[in-house]
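Below you'll find the structure, written out as C-alpha cells, and then a few comments.
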Amino acid sequence: MLLGRTANGLYWMNRYIERAENMARIVDTGLRLALTRTSSAADEWASVVYSAGVGTGFEAKYKTYDADNVSDFLLRDQTNASSVMASIDTARSNARMVRTALTRETWESINEAWMSLKRALTRPIDQRELPQLLDHIKRETAQIRGAFHGTMLRNEIYNFSKIGTLIERADNTARILDVKYYVLLPSVSWVGSSLDNYQWESILRSVSAHRSYRWVYEAEYRPTNIADYLILDRRMPRSLAYCYAGITESLAHIADEYGTRHGCHDTAEATRARQQKASIADIFDIGLHEFLSEFIVSNNRLGEEIGRDFRFY
Amino acid sequence: MVAFDEMRPESAGLRGPYAAYEEWLLQQDAARLTEKMHDAERVFRRSGITFAVYGQEEAAERLIPFDIVPRILSGSEWRRLTQGIEQRVQALNAFLDDIYHRQEILRAGRVPKELIARNEAFLPEMIGVRPPAGVYTHIIGTDIVRTGENAFHVLEDNARTPSGVSYMIENRETMMQLFPELFQNIKVQPVENYPQLLRQSLAAVRPDGAPNPPTIAVLTPGIFNSAYFEHAFLADQMGVELVEGQDLRVIDGHVAMRTTEGYKQIDVLYRRVDDAFLDPLTFNPDSALGVPGIMDVYRAGRITIANAPGTGIADDKAIYSYMPEIVEFYTGRKAILNNIETWRCSEPDSLKYVLENLSELVVKEVHGSGGYGMLVGPAASKKELEEFGKKLKAKPNNYIAQPTLSLSTCPILTEKGLAPRHVDLRPFVLVSDRIRIVPGGLTRVALKEGSLVVNSSQGGGTKDTWVLDD
C-alpha cells in the first residue's frame, strides 16, 4: 500500500536528483569547451544554457554568457528551479516528505548531499575550483544512487522512483541532442559524413558517453552514429531506448503487483515499440528536430498520465 | 537556594543510581569523551533529527543539543513515579469524560464552571461524544520536576499532542552506539519498544466493528512542522502510513486515504494536528491541514482519533491548579504526585500577591506552551518586570504564577569537564485498555549555567534517561 502523495514525492525526488546530476554534467561540458576552443566562449556558454533548458530564465537575469554567470545560474541560483542547489533542495524536501518510504541509508545519503552541497554552494564559485565542485556534485548523486540501489526493496516504491529518474533522463538526453544538433548541423547533407569537431564530443560528454561511444563506434564522430547511439541503443544507459525499456519494465512490475493496468502502460509501451521498430534513417527522414520535440512533449505527457493513473494528486 | 544534584547532592556523597556509571566515568579519558560528544552531534545531523524553530528563518532546522551524560533513576524511584503518573492519567480521562457528559465535578463545585465555559480548549462539539473504548487522552507526556531526594512534582500534564518521544528513543540509540560497553555493565531498562506499544495501544482502541488489526495512520501537518521528524519517525517505526490532510477524504461514512490503488479506509488516526485544524467544516474553516467531515465520522463512532478532540481542557494551565481536587474527586485518593503551588491571576488576591512578588515568581500564559511568553522573575531585568506587570494587569485571566522552583541538577559534559545543570523529565504514557509507561522518558536540560528554562526552543538540550533494572 502506497499513498498517492508518496508515489508523487518519490517520482519528483528522483527526477530532481537526476536533474542535479545532469546539470553538473552540462556545466562540465561547457567548461571543457571553453578550455579547448579558441573561438567565442560566449557561444559555448550560451549553448550550455540552452542545453539545460533554462535560456529564458537566464536571459531575464544576465546580459552576457560567460563562465561566471552561467555556472552561477546553473549551479547555485535558487531562483532557477533547475539549478543544482534548487534541485537538491527540492529533492530533499520530497525525501523528507516520503521519509517513511526510504531506507535509512537512502535518506541519509540525500540529507548528507544536501548538507555538503549547501555548504559548497553558499559562496560564489571560484572558477579555479569549478572542476572539483562538479566532481563533488556528481559524487554526491552517485552516492545517493548507490545507497538507493543497494538497499531499497524492489517494490512499487522502487519502481515509482525509477520511473522518475528515467523520465527526467530521457527528457535531458533528448533536449541536449536537439539543442546541439540544431546548432551543429549546418545542413542535412552533412548527415553521414565524418566530422572532426570538439562540439560533437561535447554532446557525448554531456551525457557521459564520450568514452563508451568509442568502444561501440571507433573514434570518428558521425552525426548518424551519435544520434543512433543516444536515441536507439539500448545498451547506452542514457539513451531514449534504454530509458523507455526501464520505464515499461517498472510499469509492468507495478501492474503485476497491483493486478491492474492503466492508460499509461499502453502509452509507454507504444513509445517503446516505436523505438524498437525505428531505424536512425527513419528518424532523419522525419527530421531529427521534429522527432525530438515530439518525443519531449510525449515524454512529459507520459509523466502526467502516470500521475493521474496512480492518483499522485 | 542550593539545587538538589541527582548525582552528587551537596550534603551527601555519590547517590546509588550513579555508582556504576561513575566507576566507568573515572576510567575515561577526557579527550575521548569530548570526541564522542562531537560524534553524537554528527549522528544527529546526518540522520536529520532536527526541529524547526518558529520565527527563525536562518536556523530553519536545528539540532537539539544532546548531552552524553545519562540521567539515571533507580527502579524504585521509577515505580513510585509511575504510580503517581498512572493515578493522574486515570483522573485526566475520567475528568474529560465527565466534563463532556454529566459535568458532576462542576455541580459538586470542585472546579468553577466559568473555567470551563469560557475556555477555548473546551470543545462544545465533544459534548455527549464517547470516543471508542472510552479513552480521551491516549498519549500523554507528563512533565515532572524534582526538588529533592523524594520530592517529585508535576509541572504540566501534556494531554493534547505531546512531542519528544522520538528523542527518547534516538538518544538511547545514540548512547548505545557511542558507549556499548556501558550497557553491557549496567542494566538499563529498554525504551526502544515504545513504537510497538504505541501501535498496540492504538489498535486496542479501534472503533467497534473495525477490522482487527485496524488500519492506523499518523496525521502530520507536513514537513514544515517543527515536530515533523518525530511524526515520520513514529509512522516508520510503527509500520503505518504517514498522512497529511490532503491525502484524506470522507467516503461512505469513513475516513479514507488516497493510495496509488484507490482510497483505503482508516480506522485509527494518531493525529499530530491541533484541534482547531482537524476539520474545516467544524473548526477553523481555513484549515488545509485537516479532513473536511472527519468530526461527523468520529461522532458516528467510525474512527478513533488519538488524542480525542477537546483533551486540551484537561491540560490547560488554568485547570492545572485544580488537579489535586480532580485527582481526588475521580480516584477517591489523595494525589500521589504533588502539584506545584500555583496562583491564579484571575483571582484578585492572587493577582495582588503575584504583582508584589513578581521578581521571585515564574509567570506563564494560561494557553501558552514551549516556554514562549513566559516570565522567569529572578532572571528578568527591572524593565522586563515592569512591562510584564502591565500585561498582567491588563489581562490577569491570561496568567498563572508559580514559585521559582529549584529544579534538580544533573551533570553535563562541558569543555571544562562535568558541570551541574537543571533538568526536568517527561515520561510518556499510553492509555488504552491498560496504561503503559515506558521506563524512561525525555530529560530536558538547561544548558546555560544557572538557567531554569529547559525548553528546546529556548536553548535547552536533552539527555538519555536511564531507569535501572534493579
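Ordered as shown in the C-alpha cells, chains take letters A, B, and onward, while each chain numbers its residues from 1 and ligands are numbered from 1 in the order shown.
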
Quick one: DSSP helix (DSSP H, G or I) residues in segment 193-231 of chain A, as a ChimeraX atom specification? /A:198-206,210-217,223-231

Polymer residues at most 9 Å from Ala95 of chain A, only C-alpha atoms, same-chain spacing of 6 or more positions, as a list in words: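 Returned residues: Gly9, Leu10, Met13, Ala101, Leu102, Trp107, Ile110 and Asn111 of chain A.
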
For the residues selected in the previous step, produce a file with all heavy atoms as a compact mmCIF listing (two decimals), in the first residue's frame.
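And here's part27.txt as it stands now:
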```
# COMPACT_ATOMS: atom_id res chain seq x y z
N GLY A 9 5.92 12.03 -4.44
CA GLY A 9 7.15 12.52 -3.81
C GLY A 9 8.36 11.73 -4.28
O GLY A 9 9.43 12.29 -4.54
N LEU A 10 8.22 10.41 -4.39
CA LEU A 10 9.32 9.57 -4.84
C LEU A 10 9.68 9.90 -6.28
O LEU A 10 10.86 10.01 -6.64
CB LEU A 10 8.91 8.09 -4.75
CG LEU A 10 8.78 7.53 -3.34
CD1 LEU A 10 7.97 6.24 -3.36
CD2 LEU A 10 10.16 7.28 -2.75
N MET A 13 11.35 13.37 -6.28
CA MET A 13 12.64 13.30 -5.60
C MET A 13 13.69 12.78 -6.59
O MET A 13 14.76 13.35 -6.75
CB MET A 13 12.53 12.34 -4.41
CG MET A 13 13.83 12.08 -3.69
SD MET A 13 13.62 10.80 -2.43
CE MET A 13 14.38 9.41 -3.26
N ALA A 101 9.17 6.00 3.36
CA ALA A 101 9.27 5.04 2.27
C ALA A 101 10.74 4.75 1.92
O ALA A 101 11.01 3.91 1.08
CB ALA A 101 8.54 5.56 1.03
N LEU A 102 11.65 5.45 2.57
CA LEU A 102 13.07 5.30 2.22
C LEU A 102 13.82 4.53 3.30
O LEU A 102 13.49 4.62 4.47
CB LEU A 102 13.72 6.68 2.08
CG LEU A 102 13.08 7.64 1.06
CD1 LEU A 102 13.77 8.99 1.13
CD2 LEU A 102 13.17 7.06 -0.33
N TRP A 107 17.90 7.85 2.79
CA TRP A 107 17.59 9.17 3.34
C TRP A 107 18.86 9.89 3.78
O TRP A 107 19.07 11.06 3.46
CB TRP A 107 16.62 9.03 4.52
CG TRP A 107 16.69 10.21 5.45
CD1 TRP A 107 17.19 10.22 6.71
CD2 TRP A 107 16.31 11.56 5.16
NE1 TRP A 107 17.14 11.48 7.23
CE2 TRP A 107 16.61 12.32 6.29
CE3 TRP A 107 15.76 12.20 4.04
CZ2 TRP A 107 16.36 13.69 6.37
CZ3 TRP A 107 15.52 13.56 4.12
CH2 TRP A 107 15.81 14.29 5.28
N ILE A 110 20.87 11.34 0.93
CA ILE A 110 20.28 12.56 0.37
C ILE A 110 20.50 13.73 1.32
O ILE A 110 20.89 14.83 0.92
CB ILE A 110 18.77 12.36 0.12
CG1 ILE A 110 18.56 11.31 -0.96
CG2 ILE A 110 18.10 13.68 -0.29
CD1 ILE A 110 17.13 10.90 -1.16
N ASN A 111 20.28 13.48 2.59
CA ASN A 111 20.45 14.53 3.58
C ASN A 111 21.90 15.01 3.62
O ASN A 111 22.17 16.21 3.69
CB ASN A 111 20.01 14.01 4.95
CG ASN A 111 19.81 15.11 5.95
OD1 ASN A 111 19.32 16.19 5.60
ND2 ASN A 111 20.20 14.88 7.20
```

Counting only C-alpha atoms, which residues from chain A have an atom at most 10 Å from any atom of chain B, and could you show them as number ranges by chain? A: 1-8, 93-102, 104-105, 107-113, 115, 156, 258-260, 307-313

Measuring atom to atom with only C-alpha atoms, identify which of B:Pro190, B:Pro132, B:Trp466, B:Met168 is nearest to Val268 of chain B.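 Distance minimum relative to Val268 of chain B lands on B:Pro132.
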
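With distances restricted to only C-alpha atoms, A:Asn14 is the closest residue to Ile144 of chain A from A:Asn69, A:Asn14, A:Asn225, A:Gln199.
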
Using DSSP on the backbone coordinates, identify the residues of segment 308-365 of chain B assigned to strand (DSSP E or B); present them as an MDAnalysis selection string. chainID B and resid 338:339 343:344 361:365

Selection near Asp433 of chain B, 9 Å with only C-alpha atoms, sequence-local residues under 5 positions removed, as a ChimeraX atom specification: /B:133,135,201,204-205

Excluding Tyr242 of chain A and residues on its chain fewer than 2 positions from it, collect all residues at most 12 Å away from it, counting only C-alpha atoms, and give them as a ChimeraX atom specification. /A:163,165-167,169-170,173,229-240,244-249,271-272,275-276

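Coordinates place atom CA of Thr342 of chain B at a distance of 6.7 Å from atom CA of Ile400 of chain B.
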
What's around segment 148-152 of chain A at 7 Å? Count only C-alpha atoms, leave out sequence neighbours fewer than 3 positions away in its own chain, and write the answer as JSON, numbers by chain. {"A": [103, 106, 144, 145, 158]}

Grab the residues selected above and save them as a CSV table (one decimal), in the first residue's frame with N, CA and C atoms.
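And here is the file that came out, out.csv:
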```csv
chain,number,residue,atom,x,y,z
A,103,THR,N,14.9,3.8,2.9
A,103,THR,CA,15.7,3.2,3.9
A,103,THR,C,16.5,4.3,4.5
A,106,THR,N,19.4,5.5,2.3
A,106,THR,CA,19.0,6.4,1.2
A,106,THR,C,18.7,7.8,1.7
A,144,ILE,N,24.0,8.7,-3.6
A,144,ILE,CA,22.6,8.6,-3.4
A,144,ILE,C,22.1,7.4,-4.2
A,145,ARG,N,22.5,7.3,-5.4
A,145,ARG,CA,22.1,6.2,-6.3
A,145,ARG,C,22.6,4.9,-5.7
A,158,TYR,N,10.3,1.4,-5.3
A,158,TYR,CA,11.5,1.4,-6.1
A,158,TYR,C,11.1,1.7,-7.6
```

For Ala117 of chain B, which residue among B:Pro207, B:Ile313, B:Glu156, B:Val376 is the nearest when counting only C-alpha atoms?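 Checking each candidate against Ala117 of chain B, we get B:Ile313 as the closest.
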
Could you tell me how far atom CA of Val362 of chain B sits from atom CA of Met374 of chain B, in Å to one decimal place? 7.4 Å

Within 10 Å of Thr404 of chain B using only C-alpha atoms, minus same-chain residues under 2 positions, as JSON, numbers by chain: {"B": [359, 360, 361, 362, 363, 376, 377, 378, 401, 402, 406, 407, 452]}

Which neighbours of segment 285-293 of chain A fall inside 8 Å, counting only C-alpha atoms, when residues of the same chain fewer than 4 positions from it are skipped, and could you give them as a PyMOL selection string? chain A and resi 174-175+178+182+281+297

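Across the structure, atom CA of Leu134 of chain A and atom CA of Tyr221 of chain A are spaced 25.7 Å apart.
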